[in-house]
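Q: Sharing protein_5.pdb (PDB, C-alpha atoms) below.
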```pdb
ATOM      1  CA  MET A 499       0.000   0.000   0.000
ATOM      2  CA  SER A 500       2.787   2.418   0.905
ATOM      3  CA  ASP A 501       4.512   1.719  -2.431
ATOM      4  CA  ARG A 502       1.309   2.491  -4.270
ATOM      5  CA  LEU A 503       0.838   5.746  -2.393
ATOM      6  CA  ALA A 504       4.421   6.770  -3.109
ATOM      7  CA  LYS A 505       4.043   6.437  -6.868
ATOM      8  CA  PRO A 506       2.708   9.316  -8.977
ATOM      9  CA  SER A 507      -0.376   8.706 -11.102
ATOM     10  CA  CYS A 508      -0.433   8.310 -14.866
ATOM     11  CA  LEU A 509      -3.525   8.371 -17.050
ATOM     12  CA  ILE A 510      -3.520   6.058 -20.063
ATOM     13  CA  VAL A 511      -6.107   7.211 -22.581
ATOM     14  CA  ALA A 512      -7.176   4.689 -25.212
ATOM     15  CA  SER A 513      -9.697   4.593 -28.020
ATOM     16  CA  ALA A 514     -12.981   2.722 -27.597
ATOM     17  CA  ALA A 515     -13.452   2.263 -31.345
ATOM     18  CA  THR A 516     -13.468  -1.128 -33.057
ATOM     19  CA  ALA A 517      -9.882  -2.330 -33.594
ATOM     20  CA  GLY A 518      -8.989   0.855 -31.793
ATOM     21  CA  VAL A 519      -5.748   0.086 -29.898
ATOM     22  CA  SER A 520      -2.486  -1.572 -30.928
ATOM     23  CA  ALA A 521      -1.902  -4.575 -28.650
ATOM     24  CA  GLN A 522       1.894  -4.349 -28.779
ATOM     25  CA  SER A 523       2.045  -0.608 -28.148
ATOM     26  CA  PHE A 524      -0.378  -0.876 -25.223
ATOM     27  CA  LEU A 525       1.611  -3.780 -23.766
ATOM     28  CA  HIS A 526       4.838  -1.758 -23.831
ATOM     29  CA  CYS A 527       3.127   1.346 -22.460
ATOM     30  CA  PHE A 528       1.475  -0.463 -19.575
ATOM     31  CA  THR A 529       4.419  -2.699 -18.669
ATOM     32  CA  LEU A 530       7.072   0.008 -18.591
ATOM     33  CA  ALA A 531       4.898   2.745 -17.090
ATOM     34  CA  SER A 532       3.616   0.490 -14.294
ATOM     35  CA  SER A 533       7.129   0.361 -12.839
ATOM     36  CA  ALA A 534       6.993   4.092 -12.093
ATOM     37  CA  PHE A 535       3.294   5.018 -11.904
ATOM     38  CA  ASN A 536      -0.056   4.059 -10.507
ATOM     39  CA  LEU A 537      -1.943   3.611 -13.758
ATOM     40  CA  GLN A 538      -5.521   4.461 -14.666
ATOM     41  CA  VAL A 539      -6.873   3.452 -18.076
ATOM     42  CA  ALA A 540      -9.710   5.539 -19.506
ATOM     43  CA  THR A 541     -11.743   5.338 -22.715
ATOM     44  CA  PRO A 542     -14.711   7.315 -24.058
ATOM     45  CA  GLY A 543     -17.756   6.043 -22.197
ATOM     46  CA  GLY A 544     -15.610   3.597 -20.243
ATOM     47  CA  LYS A 545     -16.022   1.065 -23.044
ATOM     48  CA  PRO A 546     -13.735  -2.004 -23.201
ATOM     49  CA  ILE A 547     -10.612  -1.770 -25.348
ATOM     50  CA  ASP A 548     -10.691  -3.602 -28.651
ATOM     51  CA  PHE A 549      -7.100  -4.604 -29.433
ATOM     52  CA  VAL A 550      -5.707  -4.966 -32.943
ATOM     53  CA  ASP A 551      -2.595  -6.823 -34.163
ATOM     54  CA  VAL A 552      -2.807  -9.451 -31.446
ATOM     55  CA  ASN A 553      -0.186 -12.127 -32.121
ATOM     56  CA  GLU A 554       1.561 -15.072 -30.470
ATOM     57  CA  GLY A 555       3.932 -12.742 -28.675
ATOM     58  CA  ASN A 556       1.278 -10.703 -26.872
ATOM     59  CA  THR A 557      -1.821 -12.925 -26.759
ATOM     60  CA  ARG A 558      -1.049 -14.344 -23.312
ATOM     61  CA  TRP A 559      -0.369 -10.910 -21.841
ATOM     62  CA  ILE A 560      -3.597  -9.499 -23.283
ATOM     63  CA  GLN A 561      -5.592 -12.428 -21.883
ATOM     64  CA  ASP A 562      -4.034 -11.977 -18.436
ATOM     65  CA  PHE A 563      -4.620  -8.229 -18.575
ATOM     66  CA  ARG A 564      -8.333  -8.661 -19.312
ATOM     67  CA  MET A 565      -8.674 -10.764 -16.152
ATOM     68  CA  LYS A 566      -7.392  -7.959 -13.902
ATOM     69  CA  SER A 567      -9.704  -5.552 -12.117
ATOM     70  CA  TYR A 568      -7.808  -2.538 -13.453
ATOM     71  CA  ALA A 569      -8.476  -3.673 -17.034
ATOM     72  CA  SER A 570     -11.948  -2.098 -16.903
ATOM     73  CA  PRO A 571     -11.472   1.453 -18.201
ATOM     74  CA  ALA A 572     -12.816   4.483 -16.392
ATOM     75  CA  LYS A 573     -15.071   6.897 -18.244
ATOM     76  CA  LEU A 574     -13.001   9.586 -19.919
ATOM     77  CA  GLU A 575     -15.877  11.972 -19.272
ATOM     78  CA  SER A 576     -15.392  11.658 -15.497
ATOM     79  CA  ILE A 577     -11.613  12.100 -15.427
ATOM     80  CA  ASP A 578     -10.132  15.069 -13.545
ATOM     81  CA  GLY A 579      -6.777  15.842 -15.155
ATOM     82  CA  ALA A 580      -5.529  17.573 -12.010
ATOM     83  CA  ARG A 581      -5.275  14.205 -10.265
ATOM     84  CA  TYR A 582      -2.620  12.883 -12.637
ATOM     85  CA  HIS A 583       1.070  13.610 -13.074
ATOM     86  CA  ALA A 584       1.442  12.230 -16.603
ATOM     87  CA  LEU A 585      -0.658  11.384 -19.656
ATOM     88  CA  LEU A 586       0.094   8.469 -21.970
ATOM     89  CA  ILE A 587      -1.654   7.629 -25.260
ATOM     90  CA  PRO A 588      -0.513   4.408 -26.971
ATOM     91  CA  ASN A 589      -0.772   3.750 -30.689
ATOM     92  CA  CYS A 590      -4.543   3.897 -31.287
ATOM     93  CA  PRO A 591      -5.781   3.380 -34.867
ATOM     94  CA  GLY A 592      -9.227   4.283 -33.549
ATOM     95  CA  ALA A 593      -8.137   7.672 -32.200
ATOM     96  CA  VAL A 594      -9.230   9.489 -35.351
ATOM     97  CA  THR A 595     -12.735   8.133 -34.757
ATOM     98  CA  ASP A 596     -13.313   9.192 -31.143
ATOM     99  CA  LEU A 597     -10.362  10.741 -29.302
ATOM    100  CA  ALA A 598      -9.522  13.317 -31.983
ATOM    101  CA  ASN A 599     -12.944  14.902 -31.436
ATOM    102  CA  SER A 600     -13.284  14.475 -27.675
ATOM    103  CA  GLY A 601     -14.078  17.639 -25.779
ATOM    104  CA  TYR A 602     -13.353  15.852 -22.495
ATOM    105  CA  LEU A 603      -9.864  14.861 -23.606
ATOM    106  CA  ALA A 604      -9.362  18.428 -24.865
ATOM    107  CA  LYS A 605      -9.937  19.784 -21.344
ATOM    108  CA  ILE A 606      -7.442  17.299 -19.908
ATOM    109  CA  LEU A 607      -4.828  18.225 -22.518
ATOM    110  CA  GLN A 608      -5.401  21.946 -21.902
ATOM    111  CA  HIS A 609      -4.773  21.398 -18.187
ATOM    112  CA  PHE A 610      -1.629  19.367 -18.838
ATOM    113  CA  SER A 611      -0.330  21.985 -21.242
ATOM    114  CA  ALA A 612      -1.008  24.864 -18.846
ATOM    115  CA  GLU A 613       0.789  23.022 -16.023
ATOM    116  CA  SER A 614       3.570  21.698 -18.298
ATOM    117  CA  LYS A 615       2.819  18.150 -17.188
ATOM    118  CA  PRO A 616       4.470  15.375 -19.238
ATOM    119  CA  ILE A 617       2.443  14.061 -22.170
ATOM    120  CA  CYS A 618       3.364  11.109 -24.383
ATOM    121  CA  ALA A 619       1.501  10.027 -27.521
ATOM    122  CA  VAL A 620       2.557   7.258 -29.891
ATOM    123  CA  GLY A 621       1.685   6.454 -33.498
ATOM    124  CA  GLN A 622      -1.908   7.137 -34.403
ATOM    125  CA  GLY A 623      -2.473   8.048 -30.779
ATOM    126  CA  VAL A 624      -0.914  11.412 -31.726
ATOM    127  CA  ALA A 625      -4.186  12.130 -33.561
ATOM    128  CA  ALA A 626      -5.818  12.367 -30.123
ATOM    129  CA  LEU A 627      -3.871  15.583 -29.522
ATOM    130  CA  CYS A 628      -5.782  17.234 -32.372
ATOM    131  CA  CYS A 629      -8.797  17.808 -30.135
ATOM    132  CA  ALA A 630      -6.911  20.271 -27.913
ATOM    133  CA  THR A 631      -7.976  23.600 -29.365
ATOM    134  CA  LYS A 632      -8.378  26.857 -27.467
ATOM    135  CA  GLU A 633     -11.365  29.207 -27.495
ATOM    136  CA  ASP A 634      -9.786  31.173 -30.336
ATOM    137  CA  LYS A 635      -9.551  27.899 -32.339
ATOM    138  CA  SER A 636      -5.749  27.844 -32.099
ATOM    139  CA  TRP A 637      -4.085  24.548 -31.245
ATOM    140  CA  VAL A 638      -2.631  24.038 -27.782
ATOM    141  CA  PHE A 639       0.532  22.573 -29.311
ATOM    142  CA  GLN A 640       1.097  25.339 -31.826
ATOM    143  CA  GLY A 641       4.844  25.970 -32.118
ATOM    144  CA  TYR A 642       5.785  22.483 -30.871
ATOM    145  CA  SER A 643       7.777  19.847 -32.751
ATOM    146  CA  LEU A 644       6.030  16.508 -33.120
ATOM    147  CA  THR A 645       6.120  13.245 -34.973
ATOM    148  CA  GLY A 646       3.428  10.705 -35.777
ATOM    149  CA  PRO A 647       2.515   8.212 -38.482
ATOM    150  CA  SER A 648       3.847   9.339 -41.846
ATOM    151  CA  VAL A 649       1.658   9.371 -44.931
ATOM    152  CA  TYR A 650       3.734   6.467 -46.259
ATOM    153  CA  GLU A 651       2.688   4.425 -43.231
ATOM    154  CA  LEU A 652      -0.958   5.494 -43.285
ATOM    155  CA  VAL A 653      -1.432   4.800 -46.991
ATOM    156  CA  ARG A 654      -0.861   1.092 -46.328
ATOM    157  CA  GLN A 655      -4.084   0.952 -44.322
ATOM    158  CA  PRO A 656      -7.244  -0.166 -46.088
ATOM    159  CA  ASN A 657      -9.213   2.752 -44.574
ATOM    160  CA  PHE A 658      -6.722   5.436 -45.611
ATOM    161  CA  ALA A 659      -9.170   7.108 -48.014
ATOM    162  CA  SER A 660     -11.753   7.515 -45.250
ATOM    163  CA  LEU A 661      -9.473   8.920 -42.537
ATOM    164  CA  SER A 662     -10.928  12.153 -41.199
ATOM    165  CA  ILE A 663      -7.535  13.383 -39.952
ATOM    166  CA  ILE A 664      -4.050  13.032 -41.398
ATOM    167  CA  VAL A 665      -1.790  13.865 -38.459
ATOM    168  CA  GLU A 666       1.016  15.296 -40.600
ATOM    169  CA  ASP A 667      -1.345  17.705 -42.395
ATOM    170  CA  PHE A 668      -3.094  18.761 -39.188
ATOM    171  CA  VAL A 669       0.159  19.466 -37.346
ATOM    172  CA  LYS A 670       1.575  21.587 -40.168
ATOM    173  CA  ASP A 671      -1.702  23.458 -40.742
ATOM    174  CA  SER A 672      -1.918  24.216 -36.996
ATOM    175  CA  GLY A 673       1.437  25.975 -36.809
ATOM    176  CA  ALA A 674       3.563  23.143 -35.432
ATOM    177  CA  THR A 675       6.555  21.311 -36.900
ATOM    178  CA  PHE A 676       6.211  17.721 -38.082
ATOM    179  CA  SER A 677       8.998  15.237 -38.778
ATOM    180  CA  ALA A 678       9.023  11.557 -39.673
ATOM    181  CA  SER A 679      11.605   8.924 -40.457
ATOM    182  CA  SER A 680      11.356   5.927 -42.778
ATOM    183  CA  PRO A 681       8.225   3.764 -42.454
ATOM    184  CA  ASP A 682       8.371   1.573 -39.332
ATOM    185  CA  ALA A 683      11.624   3.208 -38.183
ATOM    186  CA  VAL A 684      12.142   4.152 -34.519
ATOM    187  CA  HIS A 685      11.613   7.918 -34.322
ATOM    188  CA  VAL A 686      10.798   9.967 -31.217
ATOM    189  CA  VAL A 687      10.539  13.739 -30.793
ATOM    190  CA  LEU A 688      10.883  15.446 -27.410
ATOM    191  CA  ASP A 689       9.826  19.091 -27.156
ATOM    192  CA  ARG A 690       9.445  20.599 -23.692
ATOM    193  CA  HIS A 691       6.909  18.420 -21.846
ATOM    194  CA  LEU A 692       5.601  16.656 -24.969
ATOM    195  CA  VAL A 693       6.947  13.311 -26.220
ATOM    196  CA  THR A 694       5.670  11.831 -29.482
ATOM    197  CA  GLY A 695       6.570   8.566 -31.218
ATOM    198  CA  GLN A 696       6.093   7.802 -34.892
ATOM    199  CA  ASN A 697       4.760   4.245 -34.716
ATOM    200  CA  ASP A 698       4.506   0.988 -32.748
ATOM    201  CA  ASN A 699       8.262   0.485 -32.874
ATOM    202  CA  SER A 700       8.777   3.887 -31.220
ATOM    203  CA  THR A 701       6.670   3.066 -28.158
ATOM    204  CA  LEU A 702       9.450   1.882 -25.875
ATOM    205  CA  PRO A 703      11.858   4.840 -26.272
ATOM    206  CA  ALA A 704       8.928   7.270 -26.147
ATOM    207  CA  VAL A 705       7.719   5.930 -22.777
ATOM    208  CA  GLN A 706      11.289   5.889 -21.469
ATOM    209  CA  ASN A 707      11.526   9.606 -22.193
ATOM    210  CA  LEU A 708       8.213  10.139 -20.407
ATOM    211  CA  LEU A 709       9.649   8.488 -17.299
ATOM    212  CA  ILE A 710      12.683  10.762 -17.429
ATOM    213  CA  LEU A 711      10.551  13.890 -17.786
ATOM    214  CA  CYS A 712       8.348  12.917 -14.838
ATOM    215  CA  ASN A 713      11.246  12.180 -12.512
ATOM    216  CA  VAL A 714      13.118  15.327 -13.473
ATOM    217  CA  ARG A 715       9.947  17.317 -12.808
ATOM    218  CA  ASP A 716       9.843  15.724  -9.347
ATOM    219  CA  GLY A 717      13.572  16.271  -8.814
ATOM    220  CA  ASP A 718      14.657  12.617  -9.107
ATOM    221  CA  SER A 719      16.202  11.903 -12.492
ATOM    222  CA  THR A 720      18.322   9.029 -11.124
ATOM    223  CA  THR A 721      15.253   6.827 -10.640
ATOM    224  CA  ALA A 722      14.066   7.263 -14.220
ATOM    225  CA  LEU A 723      17.495   6.684 -15.704
ATOM    226  CA  PHE A 724      17.966   3.512 -13.683
ATOM    227  CA  GLN A 725      14.487   2.198 -14.583
ATOM    228  CA  CYS A 726      15.025   2.798 -18.308
ATOM    229  CA  LEU A 727      18.502   1.315 -18.394
ATOM    230  CA  MET A 728      17.488  -1.673 -16.271
ATOM    231  CA  PHE A 729      14.676  -2.388 -18.733
ATOM    232  CA  LEU A 730      17.161  -2.103 -21.601
ATOM    233  CA  SER A 731      19.595  -4.475 -19.899
ATOM    234  CA  MET A 732      16.850  -7.081 -19.537
ATOM    235  CA  GLU A 733      15.990  -6.695 -23.223
ATOM    236  CA  LYS A 734      19.619  -7.358 -24.183
ATOM    237  CA  PHE A 735      19.973 -10.275 -21.771
ATOM    238  CA  SER A 736      16.791 -11.792 -23.243
ATOM    239  CA  LEU A 737      18.276 -11.475 -26.726
ATOM    240  CA  ILE A 738      21.514 -13.198 -25.655
ATOM    241  CA  SER A 739      19.739 -15.980 -23.769
ATOM    242  CA  ASN A 740      17.607 -16.832 -26.808
ATOM    243  CA  LEU A 741      20.638 -17.603 -28.955
ATOM    244  CA  ASN A 742      21.353 -21.246 -29.719
ATOM    245  CA  PHE A 743      24.576 -22.428 -28.057
ATOM    246  CA  ALA A 744      25.738 -25.181 -25.733
ATOM    247  CA  TRP A 745      24.173 -25.306 -22.269
ATOM    248  CA  HIS A 746      27.587 -25.724 -20.615
ATOM    249  CA  ASN A 747      28.194 -22.081 -21.534
ATOM    250  CA  LEU A 748      25.144 -20.927 -19.590
ATOM    251  CA  ARG A 749      27.366 -19.553 -16.824
ATOM    252  CA  LEU A 750      28.805 -17.165 -19.413
ATOM    253  CA  LEU A 751      25.394 -15.524 -19.722
ATOM    254  CA  VAL A 752      25.535 -14.565 -16.067
ATOM    255  CA  LEU A 753      28.961 -13.013 -16.498
ATOM    256  CA  ILE A 754      27.876 -11.195 -19.648
ATOM    257  CA  ALA A 755      24.764  -9.862 -17.902
ATOM    258  CA  LEU A 756      26.778  -8.705 -14.888
ATOM    259  CA  GLN A 757      29.297  -6.936 -17.114
ATOM    260  CA  PHE A 758      26.521  -5.175 -19.026
ATOM    261  CA  MET A 759      24.750  -4.177 -15.810
ATOM    262  CA  SER A 760      28.013  -2.689 -14.578
ATOM    263  CA  SER A 761      28.282  -0.541 -17.702
ATOM    264  CA  VAL A 762      24.623   0.439 -17.362
ATOM    265  CA  MET A 763      25.128   1.703 -13.815
ATOM    266  CA  SER A 764      28.289   3.582 -14.782
ATOM    267  CA  PHE A 765      26.459   5.290 -17.630
ATOM    268  CA  SER A 766      23.518   6.149 -15.366
ATOM    269  CA  GLN A 767      25.774   7.687 -12.731
ATOM    270  CA  GLY A 768      27.720   9.692 -15.320
ATOM    271  CA  LEU A 769      24.589  11.077 -16.930
ATOM    272  CA  GLU A 770      23.086  11.930 -13.541
ATOM    273  CA  VAL A 771      26.172  13.983 -12.673
ATOM    274  CA  SER A 772      25.858  15.885 -15.944
ATOM    275  CA  VAL A 773      22.178  16.554 -15.303
ATOM    276  CA  GLN A 774      22.892  17.933 -11.838
ATOM    277  CA  THR A 775      25.690  20.084 -13.245
ATOM    278  CA  LEU A 776      23.734  21.503 -16.167
ATOM    279  CA  GLY A 777      20.445  21.944 -14.333
ATOM    280  CA  LYS A 778      16.894  21.084 -15.339
ATOM    281  CA  ASP A 779      16.801  23.582 -18.190
ATOM    282  CA  GLN A 780      19.214  21.354 -20.105
ATOM    283  CA  MET A 781      17.314  18.137 -19.456
ATOM    284  CA  ASP A 782      15.886  18.034 -22.969
ATOM    285  CA  ILE A 783      19.448  17.722 -24.276
ATOM    286  CA  GLU A 784      20.355  15.016 -21.790
ATOM    287  CA  SER A 785      17.139  13.102 -22.509
ATOM    288  CA  THR A 786      17.924  13.191 -26.213
ATOM    289  CA  LYS A 787      21.366  11.754 -25.493
ATOM    290  CA  LEU A 788      19.819   8.915 -23.524
ATOM    291  CA  LEU A 789      17.289   8.281 -26.272
ATOM    292  CA  ASN A 790      20.043   8.028 -28.870
ATOM    293  CA  VAL A 791      21.926   5.528 -26.695
ATOM    294  CA  VAL A 792      18.792   3.466 -26.082
ATOM    295  CA  GLN A 793      17.850   3.378 -29.767
ATOM    296  CA  ALA A 794      21.361   2.475 -30.893
ATOM    297  CA  ASP A 795      21.607  -0.285 -28.288
ATOM    298  CA  MET A 796      18.233  -1.815 -29.110
ATOM    299  CA  GLU A 797      18.961  -1.841 -32.823
ATOM    300  CA  VAL A 798      22.121  -3.961 -32.435
ATOM    301  CA  PRO A 799      21.467  -7.049 -34.588
ATOM    302  CA  ALA A 800      21.591 -10.469 -32.972
ATOM    303  CA  ARG A 801      24.525 -11.509 -35.160
ATOM    304  CA  SER A 802      26.778  -8.974 -33.423
ATOM    305  CA  ILE A 803      26.222 -10.928 -30.195
ATOM    306  CA  ARG A 804      26.175 -14.376 -31.797
ATOM    307  CA  VAL A 805      29.681 -14.055 -33.267
ATOM    308  CA  PRO A 806      31.413 -13.467 -29.877
ATOM    309  CA  LEU A 807      29.443 -16.351 -28.376
ATOM    310  CA  GLN A 808      30.620 -18.684 -31.140
ATOM    311  CA  ARG A 809      34.175 -17.696 -30.336
ATOM    312  CA  LEU A 810      33.510 -18.445 -26.671
ATOM    313  CA  GLU A 811      32.521 -21.992 -27.574
ATOM    314  CA  GLN A 812      35.791 -22.511 -29.448
ATOM    315  CA  ASP A 813      37.989 -21.210 -26.646
ATOM    316  CA  GLU A 814      35.886 -20.521 -23.567
ATOM    317  CA  SER A 815      38.458 -18.977 -21.279
ATOM    318  CA  LYS A 816      40.108 -16.817 -23.935
ATOM    319  CA  GLY A 817      36.799 -15.823 -25.482
ATOM    320  CA  MET A 818      35.289 -14.870 -22.135
ATOM    321  CA  ARG A 819      38.153 -12.505 -21.320
ATOM    322  CA  SER A 820      37.950 -10.948 -24.782
ATOM    323  CA  PHE A 821      34.183 -10.461 -24.831
ATOM    324  CA  LEU A 822      33.916  -9.219 -21.244
ATOM    325  CA  GLY A 823      36.921  -6.960 -21.564
ATOM    326  CA  CYS A 824      38.669  -8.378 -18.532
TER     327      CYS A 824
END
```
In structure tokens, what does this structure look like?

A:
Amino acid sequence: MSDRLAKPSCLIVASAATAGVSAQSFLHCFTLASSAFNLQVATPGGKPIDFVDVNEGNTRWIQDFRMKSYASPAKLESIDGARYHALLIPNCPGAVTDLANSGYLAKILQHFSAESKPICAVGQGVAALCCATKEDKSWVFQGYSLTGPSVYELVRQPNFASLSIIVEDFVKDSGATFSASSPDAVHVVLDRHLVTGQNDNSTLPAVQNLLILCNVRDGDSTTALFQCLMFLSMEKFSLISNLNFAWHNLRLLVLIALQFMSSVMSFSQGLEVSVQTLGKDQMDIESTKLLNVVQADMEVPARSIRVPLQRLEQDESKGMRSFLGC
């Protein structure tokens, strides 16, 4: 109970439309954010989430999630934005149908913008931000830099011709700056308190930046850095452990993991010192550095790890010293 009370609250807003939420993006959002926040899921009308792109890798998690009490969304119409420290919108193909026109979500976004509270939107969930217009019809995020699904990604959808909002066009027409990378590439933009990710593949680094922003806002950037880098270390260890090599070398995995964890902690401590030295005004720069490191590390192909492990099998003692740098 005390741990729950100590955590800040994060609101996850999802679409209630048919095939409205990406299963993989939601999984990453919920799993990573739950380590730092007390989470509340909300949808228009409190309707159940209809997941799309459910596959063998996420089916079990989705089934387990539906069995939990917190899987029942709250009504977006009853949400008081002042109760939450952060706002997270996963990749929601259905956002253009309901969230992009929600007056209730608009009020929440206006509050978050006025208080400079961290906001993170991923993929087609960025379309949900389009509802946040002021009384003079200007957009709350005018002058910001954002990303979202590119036209090249949207055109692959069967309903492209019927989309009521093209995020790229809306952002540019509303006085903001839009950027996108290659289709399906990892691309995240951080501008002040707003984090946006281009697509499903950008979910993880986008949420990691949200964690950093929240902890810096609360004066504890060390916690966020450690959480993000710990998650990354587990991702790499999982990749190594899934490679096919002799079981007698299993003890090498432990040594490899320990060596990587040591480098993770050294990097975290070094970046924390730089953050304290530069001050919070420079945190955007430091967050971008971390994002670049995270993206580069996650994009390392499996073969770059497999080759050293093959050498370890040929000469275990010599290979271990070479790979671990000891």

Q: For CA of Phe535 (chain A) and CA of Cys508 (chain A), quote the distance in Å rounded to one decimal.

A: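 Distance between the two atoms: 5.8 Å.
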
Q: I need the residue set behind the PyMOL selection byres ((chain A and resi 547) around 10) for this file; please write it as a PyMOL selection string.

A: chain A and resi 512-521+539-541+544-546+548-550+564+569-571

Q: Hey, which of A:Ser507, A:Ser611, A:Thr595, A:Gln622 ends up closest to Ser700 (chain A)? Count all atoms listed in the file.

A: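 Closest to Ser700 (chain A), using all atoms listed in the file: A:Gln622.
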
Q: Evaluate the PyMOL selection byres ((chain A and resi 636) around 12) against this structure - the residues, as a ChimeraX atom specification, please.

A: /A:608,628-635,637-641,668-669,671-674

Q: Expressed in Å to a single decimal, how great is the separation between CA of Val624 (chain A) and CA of Thr694 (chain A)?

A: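 Separation between CA of Val624 (chain A) and CA of Thr694 (chain A): 7.0 Å.
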
Q: Calculate how many Å separate CA of Ser677 (chain A) from CA of Ser532 (chain A), rounding to one decimal.

A: 29.1 Å

Q: Report the centre and edge lengths, in Å to one decimal, of an axis-aligned box enclosing every atom of region 653-656 of chain A listed in the file, padded by 6 Å on each side, as JSON.

A:
```
{"center_x": -4.1, "center_y": 2.3, "center_z": -45.7, "size_x": 18.4, "size_y": 17.0, "size_z": 14.7}
```

Q: Could you pull out every residue with an atom within 12 Å of (-4.3, 12.8, -27.3), file coordinates, counting only C-alpha atoms, and send them as a PyMOL selection string?

A: chain A and resi 509-513+540-541+574+585-590+592-594+596-608+610-611+617-631+638-639+646+665+692-694

Q: A:Gln538, A:Ser662, A:Asn657, A:Ser614: which is nearest Arg581 (chain A), counting only C-alpha atoms?

A: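 Among A:Gln538, A:Ser662, A:Asn657, A:Ser614, it is A:Gln538 that comes nearest to Arg581 (chain A).
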
Q: Could you write out as number ranges by chain the residues that the PyMOL selection byres ((chain A and resi 676) around 6) matches in the shown file?

A: A: 643-645, 675, 677

Q: Could you check which of A:His609, A:Lys505, A:Lys573, A:His526 is closest to Asn699 (chain A), using only C-alpha atoms?

A: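 Closest to Asn699 (chain A) of all the choices is A:His526.
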
Q: Determine the nearest neighbour of Leu525 (chain A) from the options A:Gln655, A:Ser648, A:Thr701, A:Ser679, counting only C-alpha atoms.

A: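 Nearest candidate to Leu525 (chain A) out of A:Gln655, A:Ser648, A:Thr701, A:Ser679: A:Thr701.
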
Q: Tell me which of A:Tyr568, A:Tyr582, A:Tyr650, A:Phe528 sits closest to Lys615 (chain A), counting all atoms listed in the file.

A: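 For Lys615 (chain A), the nearest of the candidates is A:Tyr582.
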